[in-house]
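S.K.: Provided below: model.cif, containing mmCIF, C-alpha atoms and all ligand atoms.
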data_final
loop_
_atom_site.label_atom_id
_atom_site.label_comp_id
_atom_site.auth_asym_id
_atom_site.auth_seq_id
_atom_site.Cartn_x
_atom_site.Cartn_y
_atom_site.Cartn_z
CA MET W 1 -37.40 50.04 -2.61
CA ALA W 2 -37.61 46.64 -0.97
CA GLU W 3 -34.30 45.19 0.19
CA GLU W 4 -33.43 41.94 -1.55
CA HIS W 5 -33.30 38.86 0.70
CA ARG W 6 -32.23 35.48 -0.57
CA VAL W 7 -31.03 32.16 0.76
CA VAL W 8 -27.34 31.39 0.04
CA GLN W 9 -25.25 28.23 0.43
CA VAL W 10 -22.39 28.76 2.87
CA SER W 11 -19.45 26.58 3.88
CA VAL W 12 -17.69 27.20 7.18
CA ASP W 13 -13.89 26.97 6.97
CA PRO W 14 -10.91 27.85 9.17
CA GLY W 15 -9.84 31.47 8.67
CA THR W 16 -6.35 32.72 7.86
CA ARG W 17 -5.66 33.67 11.46
CA ARG W 18 -5.64 31.08 14.22
CA ASN W 19 -8.99 30.15 15.83
CA THR W 20 -10.96 32.18 13.33
CA VAL W 21 -13.80 30.94 11.17
CA ARG W 22 -14.59 32.13 7.68
CA TYR W 23 -17.94 31.76 5.93
CA ASN W 24 -17.58 31.20 2.18
CA THR W 25 -20.61 31.54 -0.08
CA GLU W 26 -20.94 29.31 -3.11
CA CYS W 27 -20.65 32.38 -5.35
CA GLY W 28 -17.18 33.12 -3.99
CA TYR W 29 -17.69 35.78 -1.31
CA PHE W 30 -16.27 35.74 2.25
CA PHE W 31 -18.10 36.67 5.43
CA TYR W 32 -16.95 36.98 9.02
CA LYS W 33 -19.01 36.83 12.20
CA LYS W 34 -20.20 40.20 13.49
CA GLU W 35 -22.28 39.07 16.44
CA GLN W 36 -24.66 36.48 17.79
CA ARG W 37 -27.95 38.11 18.76
CA GLY W 38 -30.44 35.66 20.29
CA ASP W 39 -30.77 32.76 17.87
CA VAL W 40 -29.54 34.83 14.94
CA LEU W 41 -25.88 34.80 13.83
CA ARG W 42 -24.97 38.00 11.98
CA LEU W 43 -22.19 37.95 9.38
CA GLU W 44 -20.72 40.79 7.38
CA CYS W 45 -18.82 40.82 4.10
CA ASN W 46 -15.04 40.94 4.46
CA ARG W 47 -15.06 44.01 2.16
CA ARG W 48 -17.25 45.95 4.58
CA LYS W 49 -14.42 48.43 5.21
CA GLN W 50 -14.42 49.15 1.46
CA GLY W 51 -18.10 50.05 1.76
CA CYS W 52 -19.79 46.72 0.93
CA PRO W 53 -23.20 46.72 2.65
CA CYS W 54 -23.85 42.99 2.21
CA LYS W 55 -24.81 40.98 5.32
CA ILE W 56 -25.89 37.44 6.08
CA TYR W 57 -28.19 36.42 8.90
CA MET W 58 -28.25 32.77 9.91
CA ARG W 59 -31.09 31.15 11.83
CA ASP W 60 -31.68 27.39 12.20
CA GLY W 61 -28.86 26.65 9.74
CA ILE W 62 -30.43 28.79 6.98
CA PHE W 63 -28.18 31.57 5.65
CA MET W 64 -30.10 34.60 4.35
CA GLN W 65 -28.24 37.29 2.40
CA HIS W 66 -29.32 40.92 2.74
CA GLY W 67 -28.18 43.47 0.16
CA GLU W 68 -25.78 43.10 -2.76
CA HIS W 69 -21.99 43.26 -2.94
CA ASN W 70 -20.38 46.36 -4.42
CA HIS W 71 -17.41 44.32 -5.76
CA GLU W 72 -16.46 41.23 -7.75
CA ASN W 73 -16.41 37.82 -6.06
CA GLU W 74 -13.25 36.34 -4.55
CA VAL W 75 -13.13 32.87 -6.09
CA GLU W 76 -9.44 33.31 -6.73
CA GLU W 77 -8.85 34.21 -3.11
CA GLN W 78 -11.00 31.26 -2.03
CA ASN W 79 -8.92 28.88 -4.15
CA ARG W 80 -5.76 30.34 -2.72
CA ALA W 81 -7.05 29.64 0.80
CA LEU W 82 -7.76 26.06 -0.31
CA ALA W 83 -4.19 25.68 -1.60
CA VAL W 84 -2.75 27.09 1.63
CA ARG W 85 -4.77 24.50 3.56
CA GLU W 86 -3.31 21.88 1.21
CA CYS W 87 0.17 23.14 2.21
CA GLU W 88 -0.75 22.57 5.84
CA ILE W 89 -1.96 19.03 5.09
CA ILE W 90 1.31 18.25 3.29
CA ALA W 91 3.37 19.79 6.12
CA GLY W 92 1.51 17.61 8.63
CA ASP W 93 2.16 14.41 6.66
CA PRO W 94 5.26 12.56 7.99
CA GLN W 95 6.12 11.21 4.56
CA PHE W 96 6.72 14.78 3.33
CA ARG W 97 8.78 15.90 6.34
CA ARG W 98 11.93 16.36 4.25
CA LEU W 99 10.35 19.07 2.11
CA VAL W 100 11.26 22.68 2.81
CA PRO W 101 8.36 25.20 2.68
CA LYS W 102 9.11 26.10 -0.95
CA GLN W 103 8.88 22.43 -1.97
CA ILE W 104 5.63 22.06 -0.02
CA VAL W 105 4.16 24.98 -1.98
CA GLU W 106 5.34 23.28 -5.19
CA GLU W 107 3.54 20.09 -4.16
CA ALA W 108 0.36 22.09 -3.40
CA ARG W 109 0.65 23.74 -6.84
CA ARG W 110 0.87 20.31 -8.47
CA ARG W 111 -2.31 19.28 -6.66
CA HIS W 112 -4.14 22.51 -7.59
CA PRO W 113 -2.74 23.46 -11.00
CA ASP W 114 -5.17 26.35 -11.55
CA VAL W 115 -4.55 28.09 -8.24
CA VAL W 116 -2.23 31.07 -7.94
CA ILE W 117 -0.21 30.68 -4.75
CA ALA W 118 3.24 31.88 -3.66
CA CYS W 119 5.62 30.87 -0.92
CA ASN W 120 5.79 34.00 1.25
CA ALA W 121 6.35 34.67 4.95
CA ALA W 122 2.67 34.15 5.85
CA VAL W 123 2.41 30.81 4.02
CA GLU W 124 5.75 29.68 5.45
CA LYS W 125 4.55 30.47 8.96
CA ARG W 126 1.43 28.36 8.48
CA ILE W 127 3.52 25.50 7.11
CA GLN W 128 5.80 25.60 10.16
CA ARG W 129 2.79 25.70 12.48
CA ALA W 130 1.19 22.70 10.77
CA LYS W 131 4.45 20.78 11.01
CA ARG W 132 4.85 21.54 14.72
CA ALA W 133 1.23 20.54 15.40
CA ARG W 134 2.08 17.01 14.21
CA GLN W 135 4.85 16.62 16.80
CA PRO W 136 5.12 17.21 20.57
CA PRO W 137 6.75 20.54 21.55
CA THR W 138 10.45 20.64 20.67
CA PRO W 139 12.32 19.62 23.86
CA ASN W 140 15.14 21.65 25.42
CA SER W 141 16.83 18.75 27.18
CA VAL W 142 17.17 14.99 27.00
CA ASP W 143 14.97 14.67 30.11
CA GLU W 144 12.23 16.68 28.45
CA MET W 145 12.57 14.55 25.34
CA LEU W 146 12.25 11.31 27.33
CA ALA W 147 9.26 12.64 29.28
CA SER W 148 7.35 13.61 26.17
CA MET W 149 8.25 10.33 24.47
CA GLU W 150 6.58 8.51 27.36
CA ASN W 151 3.34 10.23 26.40
CA ARG W 152 3.88 9.41 22.74
CA PRO W 153 4.85 5.71 22.60
CA ASP W 154 4.81 5.85 18.79
CA TYR W 155 8.16 7.64 19.02
CA THR W 156 9.74 4.70 20.88
CA ARG W 157 8.50 2.01 18.49
CA THR W 158 9.23 1.01 14.92
CA ILE W 159 6.76 1.65 12.13
CA ASN W 160 5.28 -1.79 12.86
CA GLY W 161 4.91 -0.92 16.56
CA GLU W 162 7.79 -3.21 17.54
CA GLN W 163 11.10 -2.80 19.38
CA PHE W 164 14.03 -1.33 17.49
CA PHE W 165 16.68 -3.87 16.44
CA HIS W 166 19.45 -4.49 19.02
CA GLY W 167 22.46 -6.51 17.89
CA SER W 168 25.32 -6.76 15.44
CA VAL W 169 25.33 -7.16 11.70
CA TYR W 170 28.05 -8.36 9.37
CA SER W 171 28.78 -7.96 5.74
CA ASP W 172 30.61 -10.47 3.58
CA HIS W 173 31.54 -7.93 0.96
CA GLU W 174 33.89 -5.16 1.90
CA ASP W 175 35.46 -4.97 -1.50
CA GLU W 176 36.64 -1.37 -1.66
CA ASN W 177 40.42 -1.16 -1.99
CA ILE W 178 41.12 0.99 1.05
CA ARG W 179 44.88 1.05 0.61
CA ARG W 180 44.75 2.25 -2.99
CA THR W 181 42.13 4.90 -2.24
CA HIS W 182 44.01 6.35 0.71
CA ARG W 183 47.36 6.26 -1.04
CA ARG W 184 45.87 8.24 -3.92
CA ARG W 185 44.47 10.80 -1.50
CA LEU W 186 47.75 11.06 0.36
CA GLN W 187 49.59 11.77 -2.90
CA GLN W 188 47.50 14.92 -3.31
CA GLU W 189 48.57 16.28 0.09
CA THR W 190 51.38 18.77 0.79
CA PRO W 191 54.92 17.53 1.67
CA LYS W 192 54.28 18.68 5.26
CA VAL W 193 51.22 16.43 5.57
CA LYS W 194 53.07 13.53 3.93
CA ARG W 195 55.95 13.90 6.44
CA ALA W 196 53.46 13.95 9.33
CA ILE W 197 51.74 10.81 8.04
CA ASN W 198 55.14 9.09 7.75
CA GLN W 199 55.87 9.93 11.40
CA LEU W 200 52.44 8.67 12.41
CA TYR W 201 53.03 5.45 10.48
CA ALA W 202 56.44 4.93 12.13
CA TYR W 203 54.87 5.44 15.54
CA TRP W 204 51.99 3.10 14.68
CA THR W 205 54.22 0.23 13.54
CA SER W 206 56.81 0.56 16.34
CA TYR W 207 54.44 1.23 19.23
CA TRP W 208 51.09 -0.39 18.38
CA LEU W 209 52.24 -3.35 16.28
CA GLU W 210 55.49 -4.16 18.11
CA THR W 211 55.13 -2.89 21.70
CA ILE W 212 51.39 -3.30 22.33
CA GLY W 213 50.71 -6.07 19.81
CA PRO W 214 47.61 -6.73 17.70
CA LYS W 215 46.08 -8.99 20.37
CA ARG W 216 45.12 -5.95 22.42
CA PHE W 217 43.29 -4.05 19.71
CA SER W 218 42.37 -6.44 16.94
CA CYS W 219 38.67 -7.22 16.98
CA TYR W 220 38.96 -10.27 14.76
CA GLY W 221 36.35 -12.86 15.77
CA ARG W 222 34.59 -10.52 18.20
CA SER W 223 30.85 -10.09 18.01
CA ASN W 224 31.01 -6.28 18.09
CA ARG W 225 33.36 -4.63 15.66
CA THR W 226 33.21 -1.70 13.33
CA SER W 227 33.10 -2.71 9.72
CA ASN W 228 32.75 -0.86 6.45
CA LEU W 229 29.12 -1.94 6.52
CA ALA W 230 28.48 0.02 9.73
CA GLU W 231 30.39 3.01 8.38
CA ALA W 232 28.41 2.93 5.16
CA TRP W 233 25.19 2.74 7.14
CA HIS W 234 26.14 5.81 9.19
CA ARG W 235 27.03 7.76 6.06
CA TRP W 236 23.68 6.80 4.54
CA PHE W 237 21.75 7.68 7.70
CA ASN W 238 23.54 11.04 8.11
CA ALA W 239 22.72 11.95 4.53
CA LYS W 240 19.05 11.10 5.14
CA CYS W 241 18.97 13.30 8.24
CA ILE W 242 20.24 16.41 6.51
CA HIS W 243 17.05 18.28 5.75
CA ALA W 244 15.38 21.50 6.81
CA TYR W 245 14.34 22.21 10.41
CA LEU W 246 15.46 18.84 11.76
CA ASN W 247 14.36 18.34 15.36
CA PRO W 248 14.64 15.29 17.65
CA TYR W 249 11.28 13.95 16.49
CA ASP W 250 12.34 14.12 12.84
CA PHE W 251 15.47 12.22 13.88
CA ASP W 252 13.24 9.61 15.51
CA ASP W 253 11.12 9.39 12.36
CA GLU W 254 14.29 8.84 10.32
CA LEU W 255 15.36 6.07 12.70
CA LYS W 256 11.99 4.40 12.24
CA ASP W 257 12.27 4.61 8.46
CA THR W 258 15.77 3.15 8.41
CA GLU W 259 14.80 0.40 10.84
CA GLU W 260 12.00 -0.53 8.46
CA SER W 261 14.30 -0.37 5.45
CA LYS W 262 16.89 -2.66 7.07
CA ARG W 263 14.18 -5.05 8.27
CA ARG W 264 13.00 -5.38 4.66
CA ASP W 265 16.60 -5.91 3.49
CA TYR W 266 16.99 -8.64 6.08
CA GLN W 267 13.73 -10.25 4.95
CA ALA W 268 14.94 -10.21 1.36
CA ALA W 269 18.32 -11.69 2.34
CA ALA W 270 16.61 -14.40 4.40
CA ARG W 271 14.71 -15.42 1.24
CA GLY W 272 17.97 -15.74 -0.65
CA LEU W 273 17.89 -12.43 -2.53
CA GLN W 274 21.16 -10.60 -3.12
CA VAL W 275 21.09 -7.31 -1.18
CA GLY W 276 23.52 -4.62 -2.28
CA ARG W 277 26.59 -5.11 -4.44
CA GLN W 278 27.95 -8.54 -5.29
CA THR W 279 31.11 -9.79 -3.54
CA SER W 280 33.94 -10.12 -6.05
CA ALA W 281 35.50 -13.54 -6.71
CA LYS W 282 38.86 -12.07 -5.69
CA GLN W 283 37.41 -10.91 -2.37
CA ARG W 284 35.86 -14.33 -1.69
CA SER W 285 39.12 -16.21 -2.32
CA CYS W 286 40.94 -13.64 -0.16
CA ASP W 287 38.43 -14.27 2.66
CA ARG W 288 38.86 -18.05 2.33
CA ARG W 289 42.65 -17.79 2.56
CA PHE W 290 42.38 -15.52 5.59
CA ALA W 291 40.01 -17.92 7.37
CA GLU W 292 42.38 -20.81 6.66
CA ASP W 293 45.41 -18.86 8.00
CA ALA W 294 43.41 -17.97 11.12
CA ARG W 295 42.63 -21.67 11.65
CA GLN W 296 46.32 -22.58 11.22
CA PHE W 297 47.35 -19.88 13.70
CA ALA W 298 44.73 -20.95 16.27
CA ALA W 299 45.94 -24.57 15.92
CA GLY W 300 49.52 -23.43 16.60
CA ASN W 301 50.75 -24.50 13.15
CA ILE W 302 52.04 -21.04 12.23
CA SER W 303 53.55 -18.22 14.30
CA LEU W 304 51.88 -14.87 14.96
CA ARG W 305 54.46 -13.25 12.72
CA ASP W 306 53.65 -15.67 9.87
CA PHE W 307 49.94 -15.13 10.36
CA LEU W 308 50.27 -11.33 10.26
CA GLU W 309 52.58 -11.60 7.25
CA ARG W 310 50.08 -13.77 5.34
CA SER W 311 47.06 -11.70 6.27
CA ARG W 312 48.63 -8.40 5.22
CA PRO W 313 46.77 -8.33 1.88
CA VAL W 314 43.44 -8.57 3.74
CA PHE W 315 44.13 -5.33 5.59
CA GLN W 316 46.02 -3.83 2.67
CA ILE W 317 49.05 -2.91 4.77
CA ARG W 318 51.97 -1.99 2.54
CA GLN W 319 55.62 -2.63 3.35
CA HIS W 320 58.93 -1.89 1.67
CA GLY W 321 59.45 -4.23 -1.23
CA ASP W 322 55.76 -4.59 -2.09
CA ARG W 323 55.28 -4.09 -5.76
CA ASP W 324 53.26 -1.08 -6.71
CA GLU W 325 49.84 -1.94 -8.05
CA GLY W 326 50.58 -0.07 -11.25
CA GLU W 327 48.45 2.97 -10.67
CA GLN W 328 49.26 6.37 -12.15
ZN ZN P 1 -32.66 42.67 5.50
ZN ZN P 2 -19.22 42.23 -0.27
#
Using structure tokens, write down the structure that the file contains.
M.R.:
Amino acid sequence: MAEEHRVVQVSVDPGTRRNTVRYNTECGYFFYKKEQRGDVLRLECNRRKQGCPCKIYMRDGIFMQHGEHNHENEVEEQNRALAVRECEIIAGDPQFRRLVPKQIVEEARRRHPDVVIACNAAVEKRIQRAKRARQPPTPNSVDEMLASMENRPDYTRTINGEQFFHGSVYSDHEDENIRRTHRRRLQQETPKVKRAINQLYAYWTSYWLETIGPKRFSCYGRSNRTSNLAEAWHRWFNAKCIHAYLNPYDFDDELKDTEESKRRDYQAAARGLQVGRQTSAKQRSCDRRFAEDARQFAAGNISLRDFLERSRPVFQIRQHGDRDEGEQ
């Protein structure tokens, strides 16, 4: 009986293990390289151990199949391999860096709805490998980090390839009522904590306000001061950075994203668009009064004590005799 020979279409794809190559026939069978003999590449079916006698010989780019398979084709397996490669593509894409392996598999499932794929240890390992391949090796010290960043200038630049912003920013709307919020929180504490806070407050008013004086620690009018805006930004940035397997390069990517986001905000503000919440009318009139008192104090028209007394509402400092704001 003559052995059947026929030409088959073959695509060459990366194998499941690293640095391996898999030959997929158009009818859904897998072959692996057996040997190269002269100008002939010999492949054997991946089910050879289960007794499949099928072989492929390749010469001059023509794949010739010898024999028939003793099993069904592996289209399903082929599709699964395709979906796993999709996982690797997603894992290597910076815009998906916040996804954990399970979410990456979900994304691959959305892209290949008919494919059966699961997030198991093997798939997870390939996802981690693809993610690491996108970035330089994870450094063990700051020096190592700096050295590898020198070789990868994209980690020292913004998304637009520019310098990161250096400077100070200000907000004209810090309209949260700090005093009310903190008083409410303090009310929920134990008597012991309340006593301790009272002691701290007594120390603060007698030592810092009276002995040291606000001149030494107030940052009014200074170019660098902490404001609610900066605190809010840090809260926002921290929340962004909490995702799986964060390494210094992810941190750098987050910095680049936030730089870009703030640059766009600034652009919008420069064109007269309102960015963020609106300043309340009450807050604006409060700011105006404070600025006027500061001018009067600087001109020597009012004493420091008067100035502090008048500006108390701005900092929401409560003293005996203040009326309660009617809460609870
Ligand atoms: Zn033959
Ligand atoms: Zn076979």
S.K.: Do a neighbour search on Arg37 in chain W at 12 Å with only C-alpha atoms, toss out local chain neighbours closer than 3 positions, and write the hits as an MDAnalysis selection string.
M.R.: chainID W and resid 33:34 40:43 57:59
S.K.: Using all atoms listed in the file, tabulate the residues of chain W lying at most 10 Å from any atom of ligand ZN 1 (chain P), each with its closest atom pair and that distance in Å to one decimal, by chain and increasing residue number, as a Markdown table.
M.R.:
| residue | atom | partner | partner_atom | distance |
| --- | --- | --- | --- | --- |
| W:Ala2 | CA | P:ZN1 | ZN | 9.1 |
| W:Glu3 | CA | P:ZN1 | ZN | 6.1 |
| W:Glu4 | CA | P:ZN1 | ZN | 7.1 |
| W:His5 | CA | P:ZN1 | ZN | 6.2 |
| W:Arg6 | CA | P:ZN1 | ZN | 9.4 |
| W:Cys54 | CA | P:ZN1 | ZN | 9.4 |
| W:Lys55 | CA | P:ZN1 | ZN | 8.0 |
| W:Ile56 | CA | P:ZN1 | ZN | 8.6 |
| W:Tyr57 | CA | P:ZN1 | ZN | 8.4 |
| W:Met64 | CA | P:ZN1 | ZN | 8.5 |
| W:Gln65 | CA | P:ZN1 | ZN | 7.6 |
| W:His66 | CA | P:ZN1 | ZN | 4.7 |
| W:Gly67 | CA | P:ZN1 | ZN | 7.0 |
S.K.: Quick one: residues within 12 Å of (1.9, 28.1, 12.1) (file frame), counting all atoms listed in the file, please, as a list in words.
M.R.: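 Within 12 Å of (1.9, 28.1, 12.1), the protein and nucleic acid residues are Thr16, Arg17, Arg18, Asn19, Val84, Arg85, Cys87, Glu88, Ala91, Gly92, Pro101, Ala121, Ala122, Val123, Glu124, Lys125, Arg126, Ile127, Gln128, Arg129, Ala130, Lys131, Arg132, Ala133 and Arg134 of chain W.
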S.K.: Rounded to one decimal in Å, what is the spacing between CA of Gln9 in chain W and CA of Arg111 in chain W?
M.R.: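 Answer for the CA of Gln9 in chain W to CA of Arg111 in chain W separation: 25.6 Å.
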S.K.: Report, in Å to a single decimal, how far apart CA of Ala281 in chain W and CA of Glu309 in chain W are.
M.R.: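 CA of Glu309 in chain W sits 22.1 Å away from CA of Ala281 in chain W.
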S.K.: Considering only C-alpha atoms and all ligand atoms, give me a table of residues in chain W that are at most 9 Å from ligand ZN 2 (chain P), with the closest atom pair and distance in Å for each, as CSV.
M.R.:
residue,atom,partner,partner_atom,distance
W:Tyr29,CA,P:ZN2,ZN,6.7
W:Phe30,CA,P:ZN2,ZN,7.6
W:Phe31,CA,P:ZN2,ZN,8.0
W:Glu44,CA,P:ZN2,ZN,7.9
W:Cys45,CA,P:ZN2,ZN,4.6
W:Asn46,CA,P:ZN2,ZN,6.4
W:Arg47,CA,P:ZN2,ZN,5.1
W:Arg48,CA,P:ZN2,ZN,6.4
W:Gln50,CA,P:ZN2,ZN,8.6
W:Gly51,CA,P:ZN2,ZN,8.2
W:Cys52,CA,P:ZN2,ZN,4.7
W:Pro53,CA,P:ZN2,ZN,6.7
W:Cys54,CA,P:ZN2,ZN,5.3
W:Lys55,CA,P:ZN2,ZN,8.0
W:Glu68,CA,P:ZN2,ZN,7.1
W:His69,CA,P:ZN2,ZN,4.0
W:Asn70,CA,P:ZN2,ZN,6.0
W:His71,CA,P:ZN2,ZN,6.1
W:Glu72,CA,P:ZN2,ZN,8.0
W:Asn73,CA,P:ZN2,ZN,7.8
S.K.: Find the spatial neighbours of Gln135 in chain W, counting only C-alpha atoms, within a cut-off of 12 Å - ignore same-chain residues fewer than 2 positions away - and output them as a PyMOL selection string.
M.R.: chain W and resi 91-94+97+128-133+137-139+145+148-149+151-152+154-155+246-253
S.K.: Output as lines of an AutoDock Vina configuration file the centre and edge lengths (Å, one decimal) of the box along x, y and z of the file that holds every listed atom of range 261-272 of chain W after adding 8 Å on each side.
M.R.:
center_x = 15.7
center_y = -8.1
center_z = 3.8
size_x = 21.3
size_y = 31.4
size_z = 24.9
S.K.: Using all atoms listed in the file, which of W:Val116, W:Ala83, W:Cys27, W:Ala108 sits nearest Phe96 in chain W?
M.R.: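 Under the stated criterion, the closest residue is W:Ala108.
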S.K.: Ranking W:Asp13, W:Asp257, W:Glu292, W:Glu26 by minimum distance to Thr158 in chain W and counting only C-alpha atoms, which one comes first?
M.R.: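 Going through W:Asp13, W:Asp257, W:Glu292, W:Glu26 one by one, the smallest distance to Thr158 in chain W is for W:Asp257.
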S.K.: To one decimal place, how far is CA of Tyr203 in chain W from CA of Arg305 in chain W in Å?
M.R.: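 About the pair CA of Tyr203 in chain W and CA of Arg305 in chain W: they are 18.9 Å apart.
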S.K.: Using all atoms listed in the file, pick whichever of W:Asn238, W:Gln267, W:Asn79, W:Asn140 has the shortest atom-to-atom distance to Arg109 in chain W.
M.R.: W:Asn79
